[in-house]
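Everything on this sheet refers to the single structure shown next.
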Amino acid sequence: MEYTELARLSLEAREHAYVPYSGFAVGAALECGDGSIYQGCNIENAAYTPSNCAERTAFFKAVYDGKRQFTRIAVAGGKGGAAPDQYCAPCGVCRQVMMEFCDPETFEILLVKAEDDYQLLKLKDLLPYGFGPENLK
């Protein structure tokens, strides 16, 4: 899939965010090794801690469906009702979930402002010295 299409799908997913407290809407589009795409949005909770990020929503949907190979994810975030005006990087918890399932040397993360405005990083750039399944062998 083209980067611009994955970016578009992250922006689309953002429209489904449930953010009555922060107003900060995030969408993600996760590409699996077989080319399938899983979208996710952030879902807030009045108690804050039970909230879930867009990236984890996409990963958990995919894992539920039996997916275990992932190539890239696009993430778009910003104040709801307006186009993103900054690049929105995954939080530390989401980076750790990515580390569980993805090769930090090859897994790509697109930080999206618009379909044609994004930064491309590898997981190793966002989580140097990450701890994952390989560390437990």
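Labeling convention for the structure tokens: chains A, B, ... as they appear, residues from 1 per chain, ligands from 1 in order of appearance.
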
Margin query: For the structure I just gave you, how does DSSP split chain A - specifically, which residues are strand (DSSP E)? Reply as JSON, numbers by chain.
Written below: {"A": [24, 25, 26, 27, 28, 29, 30, 31, 32, 37, 38, 39, 40, 41, 70, 71, 72, 73, 74, 75, 76, 77, 78, 79, 108, 109, 110, 111, 112, 113, 114, 117, 118, 119, 120, 121, 122]}

Any chance you could export the current selection's N, CA and C atoms as a compact mmCIF listing (two decimals), in the first residue's frame?
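Contents of the output file again.txt:
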```txt
# COMPACT_ATOMS: atom_id res chain seq x y z
N PHE A 24 -8.66 15.63 21.99
CA PHE A 24 -7.51 15.31 21.14
C PHE A 24 -7.79 13.99 20.44
N ALA A 25 -8.14 14.05 19.16
CA ALA A 25 -8.54 12.87 18.39
C ALA A 25 -7.34 12.27 17.66
N VAL A 26 -7.20 10.94 17.80
CA VAL A 26 -6.10 10.24 17.13
C VAL A 26 -6.68 9.07 16.34
N GLY A 27 -6.13 8.88 15.15
CA GLY A 27 -6.51 7.74 14.31
C GLY A 27 -5.26 7.00 13.88
N ALA A 28 -5.40 5.71 13.68
CA ALA A 28 -4.26 4.89 13.24
C ALA A 28 -4.73 3.92 12.15
N ALA A 29 -3.83 3.61 11.25
CA ALA A 29 -4.06 2.60 10.22
C ALA A 29 -2.84 1.68 10.23
N LEU A 30 -3.07 0.42 10.55
CA LEU A 30 -2.01 -0.57 10.72
C LEU A 30 -2.02 -1.52 9.53
N GLU A 31 -0.88 -1.65 8.87
CA GLU A 31 -0.76 -2.59 7.74
C GLU A 31 -0.12 -3.88 8.23
N CYS A 32 -0.81 -4.99 7.97
CA CYS A 32 -0.33 -6.32 8.34
C CYS A 32 0.57 -6.87 7.24
N ILE A 37 -5.48 -4.16 6.37
CA ILE A 37 -5.38 -2.93 7.13
C ILE A 37 -6.37 -2.96 8.29
N TYR A 38 -5.91 -2.54 9.45
CA TYR A 38 -6.76 -2.39 10.63
C TYR A 38 -6.68 -0.95 11.09
N GLN A 39 -7.84 -0.32 11.25
CA GLN A 39 -7.90 1.05 11.73
C GLN A 39 -8.25 1.07 13.21
N GLY A 40 -7.83 2.12 13.88
CA GLY A 40 -8.15 2.29 15.29
C GLY A 40 -8.25 3.77 15.61
N CYS A 41 -8.97 4.07 16.68
CA CYS A 41 -9.08 5.44 17.17
C CYS A 41 -8.88 5.41 18.67
N PHE A 70 3.36 -7.47 11.08
CA PHE A 70 2.97 -6.10 10.77
C PHE A 70 4.12 -5.38 10.08
N THR A 71 3.80 -4.52 9.12
CA THR A 71 4.83 -3.82 8.36
C THR A 71 4.94 -2.34 8.69
N ARG A 72 3.78 -1.70 8.92
CA ARG A 72 3.82 -0.25 9.19
C ARG A 72 2.51 0.20 9.80
N ILE A 73 2.58 1.39 10.42
CA ILE A 73 1.39 2.03 10.97
C ILE A 73 1.47 3.52 10.68
N ALA A 74 0.32 4.11 10.38
CA ALA A 74 0.21 5.56 10.21
C ALA A 74 -0.59 6.09 11.39
N VAL A 75 -0.15 7.22 11.96
CA VAL A 75 -0.80 7.81 13.13
C VAL A 75 -1.03 9.30 12.86
N ALA A 76 -2.29 9.73 13.04
CA ALA A 76 -2.64 11.14 12.87
C ALA A 76 -3.37 11.60 14.11
N GLY A 77 -2.97 12.73 14.66
CA GLY A 77 -3.63 13.22 15.86
C GLY A 77 -3.60 14.73 15.97
N GLY A 78 -4.60 15.26 16.66
CA GLY A 78 -4.70 16.69 16.91
C GLY A 78 -6.06 17.02 17.46
N LYS A 79 -6.30 18.27 17.73
CA LYS A 79 -7.59 18.70 18.27
C LYS A 79 -8.71 18.27 17.32
N GLU A 108 7.78 0.34 10.18
CA GLU A 108 7.72 1.76 9.85
C GLU A 108 6.55 2.45 10.55
N ILE A 109 6.80 3.68 10.98
CA ILE A 109 5.78 4.50 11.63
C ILE A 109 5.70 5.82 10.88
N LEU A 110 4.51 6.09 10.34
CA LEU A 110 4.26 7.34 9.65
C LEU A 110 3.56 8.28 10.61
N LEU A 111 4.15 9.43 10.86
CA LEU A 111 3.53 10.47 11.67
C LEU A 111 2.87 11.42 10.68
N VAL A 112 1.55 11.51 10.72
CA VAL A 112 0.76 12.11 9.65
C VAL A 112 0.14 13.46 10.06
N LYS A 113 0.32 14.44 9.18
CA LYS A 113 -0.45 15.69 9.27
C LYS A 113 -1.54 15.70 8.19
N ALA A 114 -1.19 15.20 7.00
CA ALA A 114 -2.11 15.13 5.87
C ALA A 114 -1.68 13.96 4.99
N ASP A 117 1.61 14.76 3.74
CA ASP A 117 2.51 15.42 4.69
C ASP A 117 2.69 14.51 5.90
N TYR A 118 3.79 13.78 5.89
CA TYR A 118 4.07 12.83 6.97
C TYR A 118 5.57 12.66 7.13
N GLN A 119 5.95 12.19 8.31
CA GLN A 119 7.34 11.82 8.58
C GLN A 119 7.39 10.30 8.69
N LEU A 120 8.42 9.70 8.15
CA LEU A 120 8.58 8.25 8.18
C LEU A 120 9.75 7.90 9.10
N LEU A 121 9.45 7.06 10.10
CA LEU A 121 10.46 6.62 11.06
C LEU A 121 10.41 5.10 11.19
N LYS A 122 11.43 4.54 11.78
CA LYS A 122 11.43 3.12 12.15
C LYS A 122 11.15 3.05 13.65
```

Checklist line | Close residues, A:Pro104 itself excluded, 7 Å, only C-alpha atoms, min 5 positions apart in chain, as an NGL selection string | finding: :A and (99 or 122-124)

Margin query: Would you compute the distance between atom CA of A:Ile43 and atom CA of A:Leu11? Give it in Å to one decimal.
Written below: 15.4 Å

Margin query: DSSP on the backbone: which residues in stretch 4-135 of chain A end up as helix (DSSP H, G or I)? Give the answer as a VMD selection string.
Written below: chain A and resid 4 to 14 54 to 64 92 to 101 123 to 126 133 to 135

Would you mind exporting N, CA and C atoms of the selected residues as an mmCIF file, in the first residue's frame?
```cif
data_model
loop_
_atom_site.group_PDB
_atom_site.id
_atom_site.type_symbol
_atom_site.label_atom_id
_atom_site.label_comp_id
_atom_site.auth_asym_id
_atom_site.auth_seq_id
_atom_site.Cartn_x
_atom_site.Cartn_y
_atom_site.Cartn_z
ATOM 1 N N THR A 4 0.675 7.351 1.081
ATOM 2 C CA THR A 4 -0.394 8.345 1.093
ATOM 3 C C THR A 4 -1.747 7.708 1.413
ATOM 4 N N GLU A 5 -1.995 6.500 0.944
ATOM 5 C CA GLU A 5 -3.256 5.817 1.242
ATOM 6 C C GLU A 5 -3.325 5.418 2.715
ATOM 7 N N LEU A 6 -2.220 4.930 3.267
ATOM 8 C CA LEU A 6 -2.201 4.583 4.687
ATOM 9 C C LEU A 6 -2.401 5.846 5.533
ATOM 10 N N ALA A 7 -1.791 6.940 5.120
ATOM 11 C CA ALA A 7 -1.982 8.216 5.816
ATOM 12 C C ALA A 7 -3.453 8.629 5.762
ATOM 13 N N ARG A 8 -4.080 8.488 4.603
ATOM 14 C CA ARG A 8 -5.496 8.837 4.463
ATOM 15 C C ARG A 8 -6.362 8.004 5.403
ATOM 16 N N LEU A 9 -6.060 6.714 5.508
ATOM 17 C CA LEU A 9 -6.839 5.835 6.376
ATOM 18 C C LEU A 9 -6.669 6.194 7.858
ATOM 19 N N SER A 10 -5.497 6.694 8.230
ATOM 20 C CA SER A 10 -5.316 7.132 9.624
ATOM 21 C C SER A 10 -6.136 8.385 9.900
ATOM 22 N N LEU A 11 -6.201 9.281 8.936
ATOM 23 C CA LEU A 11 -7.016 10.486 9.080
ATOM 24 C C LEU A 11 -8.499 10.124 9.143
ATOM 25 N N GLU A 12 -8.901 9.144 8.355
ATOM 26 C CA GLU A 12 -10.284 8.667 8.377
ATOM 27 C C GLU A 12 -10.625 8.043 9.737
ATOM 28 N N ALA A 13 -9.728 7.229 10.261
ATOM 29 C CA ALA A 13 -9.953 6.571 11.552
ATOM 30 C C ALA A 13 -10.097 7.598 12.675
ATOM 31 N N ARG A 14 -9.398 8.688 12.547
ATOM 32 C CA ARG A 14 -9.424 9.761 13.543
ATOM 33 C C ARG A 14 -10.833 10.308 13.740
ATOM 34 N N ALA A 54 -5.282 4.997 19.844
ATOM 35 C CA ALA A 54 -5.642 4.544 18.500
ATOM 36 C C ALA A 54 -4.746 3.402 18.031
ATOM 37 N N GLU A 55 -3.449 3.512 18.305
ATOM 38 C CA GLU A 55 -2.503 2.504 17.846
ATOM 39 C C GLU A 55 -2.805 1.146 18.473
ATOM 40 N N ARG A 56 -3.043 1.149 19.782
ATOM 41 C CA ARG A 56 -3.349 -0.111 20.463
ATOM 42 C C ARG A 56 -4.700 -0.665 20.023
ATOM 43 N N THR A 57 -5.666 0.210 19.759
ATOM 44 C CA THR A 57 -6.954 -0.262 19.254
ATOM 45 C C THR A 57 -6.744 -1.025 17.949
ATOM 46 N N ALA A 58 -5.949 -0.469 17.036
ATOM 47 C CA ALA A 58 -5.689 -1.141 15.758
ATOM 48 C C ALA A 58 -4.948 -2.466 15.973
ATOM 49 N N PHE A 59 -3.908 -2.450 16.794
ATOM 50 C CA PHE A 59 -3.156 -3.680 17.056
ATOM 51 C C PHE A 59 -4.038 -4.755 17.685
ATOM 52 N N PHE A 60 -4.822 -4.380 18.674
ATOM 53 C CA PHE A 60 -5.622 -5.373 19.384
ATOM 54 C C PHE A 60 -6.703 -5.968 18.484
ATOM 55 N N LYS A 61 -7.286 -5.159 17.588
ATOM 56 C CA LYS A 61 -8.247 -5.689 16.620
ATOM 57 C C LYS A 61 -7.567 -6.710 15.717
ATOM 58 N N ALA A 62 -6.375 -6.379 15.244
ATOM 59 C CA ALA A 62 -5.642 -7.266 14.335
ATOM 60 C C ALA A 62 -5.236 -8.558 15.040
ATOM 61 N N VAL A 63 -4.715 -8.444 16.240
ATOM 62 C CA VAL A 63 -4.292 -9.632 16.981
ATOM 63 C C VAL A 63 -5.493 -10.527 17.266
ATOM 64 N N TYR A 64 -6.616 -9.931 17.604
ATOM 65 C CA TYR A 64 -7.836 -10.721 17.821
ATOM 66 C C TYR A 64 -8.174 -11.553 16.581
ATOM 67 N N GLY A 92 4.512 5.997 24.913
ATOM 68 C CA GLY A 92 5.421 4.928 25.321
ATOM 69 C C GLY A 92 4.756 3.564 25.410
ATOM 70 N N VAL A 93 3.518 3.519 25.899
ATOM 71 C CA VAL A 93 2.810 2.240 26.003
ATOM 72 C C VAL A 93 2.577 1.660 24.612
ATOM 73 N N CYS A 94 2.171 2.494 23.668
ATOM 74 C CA CYS A 94 1.954 2.018 22.299
ATOM 75 C C CYS A 94 3.266 1.546 21.661
ATOM 76 N N ARG A 95 4.336 2.257 21.929
ATOM 77 C CA ARG A 95 5.637 1.835 21.396
ATOM 78 C C ARG A 95 6.000 0.457 21.941
ATOM 79 N N GLN A 96 5.696 0.207 23.204
ATOM 80 C CA GLN A 96 5.993 -1.095 23.803
ATOM 81 C C GLN A 96 5.137 -2.194 23.172
ATOM 82 N N VAL A 97 3.868 -1.905 22.875
ATOM 83 C CA VAL A 97 3.015 -2.883 22.189
ATOM 84 C C VAL A 97 3.594 -3.182 20.803
ATOM 85 N N MET A 98 4.052 -2.158 20.103
ATOM 86 C CA MET A 98 4.674 -2.370 18.793
ATOM 87 C C MET A 98 5.895 -3.269 18.932
ATOM 88 N N MET A 99 6.672 -3.056 19.979
ATOM 89 C CA MET A 99 7.877 -3.855 20.220
ATOM 90 C C MET A 99 7.531 -5.328 20.412
ATOM 91 N N GLU A 100 6.372 -5.610 20.972
ATOM 92 C CA GLU A 100 5.941 -6.994 21.189
ATOM 93 C C GLU A 100 5.749 -7.747 19.878
ATOM 94 N N PHE A 101 5.289 -7.051 18.850
ATOM 95 C CA PHE A 101 4.901 -7.723 17.611
ATOM 96 C C PHE A 101 5.753 -7.376 16.398
ATOM 97 N N LEU A 123 10.625 1.914 14.093
ATOM 98 C CA LEU A 123 10.358 1.730 15.518
ATOM 99 C C LEU A 123 11.630 1.940 16.333
ATOM 100 N N LYS A 124 12.766 1.497 15.816
ATOM 101 C CA LYS A 124 14.031 1.663 16.558
ATOM 102 C C LYS A 124 14.361 3.141 16.798
ATOM 103 N N ASP A 125 13.843 4.037 15.929
ATOM 104 C CA ASP A 125 14.079 5.470 16.116
ATOM 105 C C ASP A 125 13.276 6.018 17.293
ATOM 106 N N LEU A 126 12.087 5.465 17.492
ATOM 107 C CA LEU A 126 11.207 5.933 18.559
ATOM 108 C C LEU A 126 11.390 5.169 19.866
ATOM 109 N N PRO A 133 10.241 -9.488 23.144
ATOM 110 C CA PRO A 133 10.295 -10.935 23.316
ATOM 111 C C PRO A 133 11.703 -11.527 23.185
ATOM 112 N N GLU A 134 12.518 -10.947 22.324
ATOM 113 C CA GLU A 134 13.884 -11.458 22.126
ATOM 114 C C GLU A 134 14.714 -11.361 23.395
ATOM 115 N N ASN A 135 14.414 -10.395 24.239
ATOM 116 C CA ASN A 135 15.164 -10.220 25.475
ATOM 117 C C ASN A 135 14.885 -11.316 26.500
#
```
